[in-house]
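Pasted below: model_27.txt, compact mmCIF, C-alpha atoms.
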# COMPACT_ATOMS: atom_id res chain seq x y z
CA MET A 50 -60.87 71.81 -57.46
CA THR A 51 -58.16 71.76 -60.12
CA ARG A 52 -54.69 71.04 -58.79
CA THR A 53 -51.65 72.94 -60.04
CA TRP A 54 -48.55 71.53 -61.70
CA GLU A 55 -46.64 71.95 -58.42
CA GLN A 56 -49.26 70.02 -56.44
CA LEU A 57 -49.34 67.17 -58.93
CA GLU A 58 -45.55 67.09 -58.95
CA GLN A 59 -45.69 66.01 -55.29
CA THR A 60 -47.73 62.90 -56.13
CA GLN A 61 -46.09 61.87 -59.44
CA PRO A 62 -42.62 63.50 -59.52
CA ILE A 63 -41.11 61.19 -62.16
CA VAL A 64 -43.97 61.63 -64.64
CA LEU A 65 -44.02 65.42 -64.21
CA LYS A 66 -40.25 65.65 -64.57
CA MET A 67 -40.33 63.77 -67.89
CA LEU A 68 -43.16 65.93 -69.20
CA LYS A 69 -41.41 69.10 -68.03
CA ASN A 70 -38.23 68.17 -69.90
CA SER A 71 -40.17 67.35 -73.07
CA LEU A 72 -42.09 70.63 -72.95
CA LYS A 73 -39.00 72.75 -72.28
CA LYS A 74 -37.09 71.08 -75.11
CA GLU A 75 -40.18 71.13 -77.38
CA ARG A 76 -39.88 67.39 -77.89
CA LEU A 77 -43.35 66.16 -76.99
CA ALA A 78 -44.33 62.72 -78.26
CA HIS A 79 -47.27 62.42 -80.68
CA ALA A 80 -48.92 59.90 -78.38
CA TYR A 81 -48.68 59.15 -74.64
CA LEU A 82 -50.03 56.24 -72.66
CA PHE A 83 -50.58 57.08 -68.99
CA GLU A 84 -50.93 53.80 -67.11
CA GLY A 85 -51.45 53.08 -63.43
CA MET A 86 -53.99 52.47 -60.69
CA LYS A 87 -57.12 54.51 -60.29
CA GLY A 88 -56.59 57.65 -58.22
CA THR A 89 -52.95 58.17 -59.19
CA GLY A 90 -53.68 61.40 -61.09
CA LYS A 91 -53.66 60.24 -64.73
CA ARG A 92 -56.67 62.28 -65.77
CA GLU A 93 -55.61 65.43 -63.91
CA ILE A 94 -52.09 65.27 -65.33
CA SER A 95 -53.44 64.70 -68.86
CA LEU A 96 -55.40 67.96 -68.49
CA VAL A 97 -52.40 69.80 -67.06
CA LEU A 98 -50.30 68.60 -69.99
CA THR A 99 -53.04 69.75 -72.39
CA LYS A 100 -53.03 73.21 -70.80
CA SER A 101 -49.23 73.33 -71.04
CA ILE A 102 -49.46 72.57 -74.77
CA LEU A 103 -52.13 75.18 -75.49
CA CYS A 104 -51.38 77.82 -72.83
CA GLU A 105 -50.80 81.32 -74.21
CA ASN A 106 -48.55 82.44 -71.33
CA SER A 107 -46.86 79.33 -69.94
CA ILE A 108 -44.47 79.87 -67.04
CA LYS A 109 -40.87 78.64 -67.44
CA GLY A 110 -41.91 77.05 -70.72
CA TYR A 111 -43.97 74.25 -69.17
CA VAL A 112 -46.27 75.39 -66.30
CA PRO A 113 -49.72 76.51 -67.54
CA CYS A 114 -50.65 80.00 -66.38
CA GLU A 115 -54.24 78.98 -65.47
CA THR A 116 -55.47 82.48 -66.32
CA CYS A 117 -55.42 82.70 -70.14
CA SER A 118 -58.48 81.93 -72.24
CA ASN A 119 -57.19 78.49 -73.27
CA CYS A 120 -56.43 77.37 -69.72
CA LYS A 121 -59.83 78.51 -68.47
CA ARG A 122 -61.72 76.80 -71.27
CA ILE A 123 -59.82 73.53 -70.77
CA ASN A 124 -60.66 73.69 -67.05
CA ASN A 125 -64.30 74.23 -67.97
CA GLY A 126 -64.27 71.42 -70.54
CA ASN A 127 -65.25 73.56 -73.51
CA HIS A 128 -62.08 74.15 -75.55
CA PRO A 129 -62.86 73.44 -79.24
CA ASP A 130 -59.44 71.87 -79.91
CA VAL A 131 -59.45 69.52 -76.91
CA HIS A 132 -61.47 66.31 -77.15
CA LEU A 133 -62.10 63.98 -74.21
CA LEU A 134 -63.36 60.55 -75.27
CA GLU A 135 -64.85 58.10 -72.75
CA PRO A 136 -66.52 54.69 -73.13
CA ASP A 137 -70.00 54.77 -74.65
CA GLY A 138 -71.59 52.35 -72.21
CA LEU A 139 -69.11 49.53 -71.51
CA SER A 140 -66.69 50.26 -74.35
CA ILE A 141 -65.16 52.81 -76.70
CA LYS A 142 -66.67 52.02 -80.09
CA LYS A 143 -65.41 52.33 -83.66
CA HIS A 144 -67.80 55.18 -84.53
CA GLN A 145 -66.38 57.25 -81.65
CA ILE A 146 -62.84 56.92 -83.02
CA GLN A 147 -64.07 57.69 -86.54
CA SER A 148 -65.85 60.84 -85.32
CA LEU A 149 -62.63 61.86 -83.61
CA GLN A 150 -60.64 61.31 -86.82
CA GLU A 151 -63.10 63.45 -88.77
CA GLU A 152 -62.81 66.20 -86.19
CA PHE A 153 -59.04 66.11 -86.37
CA SER A 154 -58.99 66.25 -90.15
CA LYS A 155 -60.22 69.84 -89.80
CA THR A 156 -57.96 72.78 -89.10
CA GLY A 157 -57.73 73.74 -85.43
CA VAL A 158 -60.30 76.33 -84.42
CA GLU A 159 -57.95 78.33 -82.19
CA SER A 160 -54.55 77.21 -83.46
CA ASN A 161 -52.92 74.35 -85.31
CA GLN A 162 -52.61 72.38 -82.06
CA LYS A 163 -55.18 69.72 -81.15
CA VAL A 164 -55.26 67.29 -78.23
CA TYR A 165 -57.41 64.24 -77.63
CA ILE A 166 -57.62 62.23 -74.41
CA LEU A 167 -58.93 58.64 -74.38
CA VAL A 168 -60.15 57.64 -70.92
CA HIS A 169 -60.11 53.86 -70.26
CA ALA A 170 -58.29 53.20 -73.52
CA ASP A 171 -58.23 49.50 -72.61
CA LYS A 172 -62.01 49.41 -73.16
CA MET A 173 -61.80 50.00 -76.90
CA THR A 174 -63.50 47.37 -79.04
CA THR A 175 -61.22 45.55 -81.50
CA ASN A 176 -62.58 47.64 -84.38
CA ALA A 177 -62.09 50.86 -82.41
CA ALA A 178 -58.51 49.89 -81.53
CA ASN A 179 -57.73 49.14 -85.18
CA SER A 180 -59.18 52.51 -86.23
CA LEU A 181 -57.08 54.27 -83.60
CA LEU A 182 -54.01 52.39 -84.78
CA LYS A 183 -54.37 53.88 -88.26
CA PHE A 184 -54.70 57.29 -86.62
CA LEU A 185 -51.49 56.74 -84.64
CA GLU A 186 -49.57 55.38 -87.63
CA GLU A 187 -49.93 58.69 -89.47
CA PRO A 188 -49.38 61.26 -86.73
CA ASN A 189 -50.03 64.90 -87.42
CA ALA A 190 -47.29 67.18 -86.13
CA GLU A 191 -49.88 69.37 -84.45
CA THR A 192 -51.81 66.53 -82.78
CA THR A 193 -51.14 65.07 -79.33
CA ALA A 194 -52.87 61.88 -78.18
CA ILE A 195 -53.09 60.95 -74.48
CA LEU A 196 -54.41 57.48 -73.66
CA LEU A 197 -55.32 56.61 -70.05
CA THR A 198 -55.55 53.07 -68.69
CA GLU A 199 -55.60 51.08 -65.48
CA GLN A 200 -55.15 47.83 -67.46
CA ILE A 201 -52.08 48.20 -69.67
CA GLN A 202 -52.11 44.46 -70.44
CA GLN A 203 -55.38 45.00 -72.33
CA ILE A 204 -53.82 47.48 -74.79
CA LEU A 205 -52.84 46.13 -78.21
CA PRO A 206 -49.03 45.74 -78.52
CA THR A 207 -49.18 47.63 -81.84
CA ILE A 208 -50.74 50.62 -80.04
CA LEU A 209 -48.27 50.36 -77.16
CA SER A 210 -45.36 50.51 -79.63
CA ARG A 211 -46.62 53.85 -80.99
CA CYS A 212 -47.03 55.54 -77.60
CA GLN A 213 -44.60 56.81 -75.03
CA THR A 214 -45.68 55.01 -71.87
CA LEU A 215 -45.53 56.83 -68.54
CA SER A 216 -46.21 54.69 -65.48
CA PHE A 217 -48.01 56.29 -62.55
CA LYS A 218 -46.83 54.93 -59.21
CA PRO A 219 -49.24 53.98 -56.43
CA LEU A 220 -49.75 56.83 -53.99
CA SER A 221 -48.00 56.87 -50.63
CA PRO A 222 -50.40 56.32 -47.70
CA ASN A 223 -50.33 60.06 -46.90
CA GLU A 224 -51.09 61.05 -50.49
CA MET A 225 -53.72 58.31 -50.73
CA ALA A 226 -55.45 59.67 -47.60
CA LYS A 227 -55.47 63.21 -49.06
CA GLU A 228 -56.84 61.91 -52.36
CA LEU A 229 -59.58 59.98 -50.55
CA VAL A 230 -60.61 63.11 -48.63
CA ARG A 231 -60.73 65.02 -51.94
CA ASN A 232 -63.12 62.32 -53.14
CA GLY A 233 -65.50 62.74 -50.23
CA ILE A 234 -64.14 60.32 -47.62
CA LYS A 235 -64.27 61.63 -44.05
CA PRO A 236 -60.84 62.84 -42.78
CA ASN A 237 -60.98 60.53 -39.75
CA GLU A 238 -61.63 57.47 -41.98
CA ALA A 239 -59.12 58.13 -44.78
CA PRO A 240 -55.85 57.27 -42.93
CA LEU A 241 -56.92 53.71 -42.07
CA LEU A 242 -58.24 53.07 -45.59
CA ALA A 243 -54.95 54.34 -47.04
CA GLN A 244 -52.99 51.91 -44.86
CA ILE A 245 -55.17 48.85 -45.39
CA THR A 246 -54.82 48.90 -49.20
CA ASN A 247 -52.67 50.59 -51.85
CA SER A 248 -55.56 50.46 -54.33
CA PHE A 249 -57.50 53.72 -54.50
CA GLU A 250 -60.51 51.95 -55.99
CA GLU A 251 -60.57 49.31 -53.23
CA ALA A 252 -60.26 52.02 -50.57
CA LEU A 253 -63.34 53.78 -51.98
CA THR A 254 -65.24 50.47 -52.01
CA LEU A 255 -64.24 49.67 -48.42
CA SER A 256 -65.39 53.12 -47.26
CA THR A 257 -69.00 52.10 -47.93
CA ASP A 258 -68.64 48.42 -46.98
CA GLU A 259 -70.66 47.70 -43.83
CA TRP A 260 -68.66 44.50 -43.22
CA PHE A 261 -65.44 46.52 -43.10
CA VAL A 262 -66.94 49.15 -40.79
CA GLN A 263 -68.09 46.41 -38.41
CA ALA A 264 -64.69 44.68 -38.66
CA GLN A 265 -62.95 47.76 -37.25
CA LYS A 266 -65.32 47.82 -34.25
CA ILE A 267 -64.72 44.12 -33.54
CA VAL A 268 -60.94 44.60 -33.65
CA VAL A 269 -61.07 47.50 -31.17
CA LYS A 270 -63.40 45.50 -28.93
CA LEU A 271 -61.05 42.50 -29.02
CA TYR A 272 -58.14 44.67 -27.93
CA GLU A 273 -60.20 45.91 -24.97
CA VAL A 274 -60.96 42.38 -23.71
CA LEU A 275 -57.33 41.34 -24.20
CA ASN A 276 -56.62 43.47 -21.12
CA ARG A 277 -59.01 41.31 -19.08
CA THR A 278 -58.94 37.56 -18.45
CA PRO A 279 -58.00 34.92 -21.02
CA LEU A 280 -61.50 33.44 -20.68
CA GLU A 281 -63.18 36.75 -21.58
CA ALA A 282 -60.93 37.12 -24.62
CA LEU A 283 -61.71 33.61 -25.86
CA VAL A 284 -65.44 34.19 -25.32
CA ALA A 285 -65.17 37.41 -27.36
CA LEU A 286 -63.48 35.44 -30.14
CA GLN A 287 -66.35 32.97 -30.28
CA ARG A 288 -69.05 35.60 -29.98
CA ASP A 289 -67.71 38.30 -32.32
CA TRP A 290 -64.59 37.39 -34.29
CA PHE A 291 -65.42 33.94 -35.69
CA SER A 292 -68.93 34.98 -36.72
CA HIS A 293 -67.61 37.98 -38.68
CA PHE A 294 -64.25 36.85 -40.09
CA LYS A 295 -65.24 33.64 -41.87
CA GLU A 296 -63.16 33.39 -45.05
CA LYS A 297 -59.37 33.23 -45.12
CA ASP A 298 -59.03 36.65 -46.76
CA GLN A 299 -61.39 38.13 -44.15
CA PHE A 300 -59.24 36.64 -41.40
CA ASP A 301 -56.16 38.16 -42.98
CA ARG A 302 -57.84 41.57 -43.19
CA GLY A 303 -58.82 41.28 -39.53
CA LEU A 304 -55.19 40.61 -38.61
CA ASP A 305 -54.14 43.65 -40.66
CA LEU A 306 -56.63 45.82 -38.76
CA LEU A 307 -55.37 44.45 -35.44
CA LEU A 308 -51.78 45.13 -36.47
CA LEU A 309 -52.63 48.74 -37.37
CA LEU A 310 -54.15 49.22 -33.90
CA TYR A 311 -50.93 48.05 -32.22
CA LYS A 312 -48.93 50.32 -34.55
CA ASP A 313 -51.09 53.23 -33.40
CA LEU A 314 -50.26 52.46 -29.78
CA LEU A 315 -46.56 52.43 -30.65
CA TYR A 316 -46.84 55.73 -32.57
CA ILE A 317 -48.53 57.31 -29.55
CA GLN A 318 -45.71 56.16 -27.28
CA LEU A 319 -43.17 57.59 -29.73
CA GLY A 320 -45.03 60.91 -29.82
CA LYS A 321 -46.07 60.47 -33.46
CA HIS A 322 -49.76 61.19 -32.87
CA ASP A 323 -50.21 62.49 -36.42
CA GLN A 324 -49.47 59.02 -37.82
CA ILE A 325 -52.25 57.09 -36.08
CA VAL A 326 -54.97 55.66 -38.33
CA TYR A 327 -57.70 54.81 -35.83
CA VAL A 328 -58.39 58.53 -35.57
CA GLY A 329 -61.84 58.09 -34.07
CA GLU A 330 -60.37 55.99 -31.23
CA LYS A 331 -57.51 58.38 -30.48
CA GLU A 332 -58.46 59.22 -26.87
CA ARG A 333 -59.00 55.59 -25.88
CA LEU A 334 -55.77 54.52 -27.60
CA GLU A 335 -53.82 57.20 -25.74
CA ALA A 336 -55.15 55.78 -22.47
CA TYR A 337 -54.27 52.21 -23.54
CA ALA A 338 -50.75 53.26 -24.56
CA LEU A 339 -50.02 54.33 -20.98
CA ARG A 340 -50.56 50.75 -19.77
CA THR A 341 -47.93 49.03 -21.88
CA SER A 342 -44.33 49.38 -23.11
CA ASN A 343 -42.53 49.73 -26.43
CA ARG A 344 -40.97 46.32 -25.96
CA ARG A 345 -44.30 44.64 -25.23
CA LEU A 346 -45.96 46.27 -28.26
CA THR A 347 -43.10 45.12 -30.49
CA GLU A 348 -43.52 41.54 -29.23
CA GLN A 349 -47.27 41.65 -29.84
CA MET A 350 -46.84 43.01 -33.36
CA THR A 351 -44.33 40.23 -34.07
CA ALA A 352 -46.93 37.70 -32.88
CA ILE A 353 -49.50 39.12 -35.32
CA PHE A 354 -47.01 38.96 -38.21
CA GLU A 355 -46.31 35.33 -37.30
CA ALA A 356 -50.06 34.60 -37.24
CA LYS A 357 -50.41 36.10 -40.75
CA ARG A 358 -47.57 33.84 -41.93
CA LYS A 359 -49.22 30.74 -40.42
CA LEU A 360 -52.56 31.69 -41.96
CA GLN A 361 -50.95 31.65 -45.41
CA GLY A 362 -49.48 28.28 -44.50
CA ASN A 363 -53.04 26.96 -44.15
CA MET A 364 -53.09 26.60 -40.37
CA ASN A 365 -56.61 26.23 -38.96
CA PRO A 366 -57.80 29.87 -38.57
CA GLN A 367 -59.77 29.25 -35.36
CA LEU A 368 -56.87 27.50 -33.62
CA LEU A 369 -54.49 30.16 -34.93
CA MET A 370 -56.61 32.98 -33.48
CA GLU A 371 -56.98 31.29 -30.10
CA GLN A 372 -53.20 30.87 -29.89
CA LEU A 373 -52.65 34.48 -30.95
CA VAL A 374 -54.98 35.83 -28.27
CA LEU A 375 -53.14 33.91 -25.56
CA LYS A 376 -49.81 35.13 -26.98
CA LEU A 377 -51.03 38.75 -27.01
CA GLN A 378 -52.02 38.40 -23.33
CA GLU A 379 -48.65 37.03 -22.21
CA GLY A 380 -47.00 39.45 -19.83
CA SER A 381 -50.11 41.66 -19.73
CA SER A 382 -51.51 42.73 -16.39
CA VAL A 383 -54.89 41.04 -16.84
CA VAL A 384 -57.32 41.45 -13.96

Mind converting the file's structure to structure tokens?
Amino acid sequence: MTRTWEQLEQTQPIVLKMLKNSLKKERLAHAYLFEGMKGTGKREISLVLTKSILCENSIKGYVPCETCSNCKRINNGNHPDVHLLEPDGLSIKKHQIQSLQEEFSKTGVESNQKVYILVHADKMTTNAANSLLKFLEEPNAETTAILLTEQIQQILPTILSRCQTLSFKPLSPNEMAKELVRNGIKPNEAPLLAQITNSFEEALTLSTDEWFVQAQKIVVKLYEVLNRTPLEALVALQRDWFSHFKEKDQFDRGLDLLLLLYKDLLYIQLGKHDQIVYVGEKERLEAYALRTSNRRLTEQMTAIFEAKRKLQGNMNPQLLMEQLVLKLQEGSSVV
């Protein structure tokens, strides 16, 4: 589903404000470089900008109407004066840029305006980049180039100098969760993924990672045994935790998952049920939250933060985890 200018403005307000001002003042650059992480809306906003440029009935001078022939054809990917170029295999090749140049040497089919969008511009071969550079050095007043990249450091400095760069900020956890759901992630899984990483691409990868799915179950199980005896908790560590969280980065991720669980308990106590991320465990967490206090949860979260700090200081992970478990049980009414 195509999102409107207003909807995109909520996720990238700075980028949309700059584009709005340029459109209203009729001062669009000949070439833009949209750079930022995957999932931040670069492609969608490039298409919205294209519609704004070619729209027959734009609203307020910058918002595409979405109903004219040009807007509809751009949405359907078949406007003759809009060209979307993507890597041919692993890279964008010289012949692709040359074909684009030939196309743009012709008069516009519908009007004098033409737009081309280069997806993954960082994947241009050296020859392709040099061909594009010549194209950018002699800009046509009626041509707008939009380059998209997640790796700005891979773009030639000479190309960077000829583009107006707009940086797309990482999404907030709430926006990330919505974006993940739009990309097929289950609504009860998206909030945790959005909190565990600020990389959209990594969140998508984790959503299908069996290790990560199992890690969440082990963390919830550990919390359950923490409310029993210290011996049971240490046995659970040996049986489940140490066999699953083996590498240092895995340990750190496990601590992050444990921290998020304690945050959920605190949110429940504060009445912020809509902010919990272990959505599938909501009923059990609500029952657990009745058995503890705000102060105790704060102390336990502090202990987890301290464990993460010690882990980075190269403390033995097994000893660290055993100490943390005992610390998390302090003051608890174990039976």

Minimum-distance residue to Arg333 of chain A, chosen among A:Leu181, A:Ala352, A:Leu68, A:Leu314 (using all atoms listed in the file): A:Leu314

Residue nearest Asn365 of chain A among A:Glu228, A:Glu296, A:Glu187, A:Glu75 (counting all atoms listed in the file):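 Among the listed residues, the smallest separation from Asn365 of chain A belongs to A:Glu296.
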
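The nearest approach to Ile94 of chain A among the residues A:His144, A:Leu139, A:Thr174, A:Ile195, with all atoms listed in the file taken into account, belongs to A:Ile195.
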
Residue contacts of segment 97-111 of chain A (12 Å, all atoms listed in the file) excluding same-chain residues fewer than 5 positions away, as number ranges by chain: A: 51-58, 64-79, 81, 83, 90-92, 116-126, 128-133, 157, 159-166, 191-195

Of the listed residues A:Val230, A:Met173, A:Ala80, A:Leu96, that which approaches Pro188 of chain A most closely, counting only C-alpha atoms: A:Ala80

Contacts of segment 286-295 of chain A at 12 Å (all atoms listed in the file; same-chain gap of 3+ positions) as a PyMOL selection string: chain A and resi 259-272+274-275+279-283+298-304+306-307+365-375

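Atom CA of Arg358 of chain A sits 22.8 Å away from atom CA of Asn343 of chain A.
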
Contacts of segment 232-239 of chain A at 9 Å (only C-alpha atoms; same-chain gap of 2+ positions) as a PyMOL selection string: chain A and resi 225-230+241-244+252-253+256+326-329
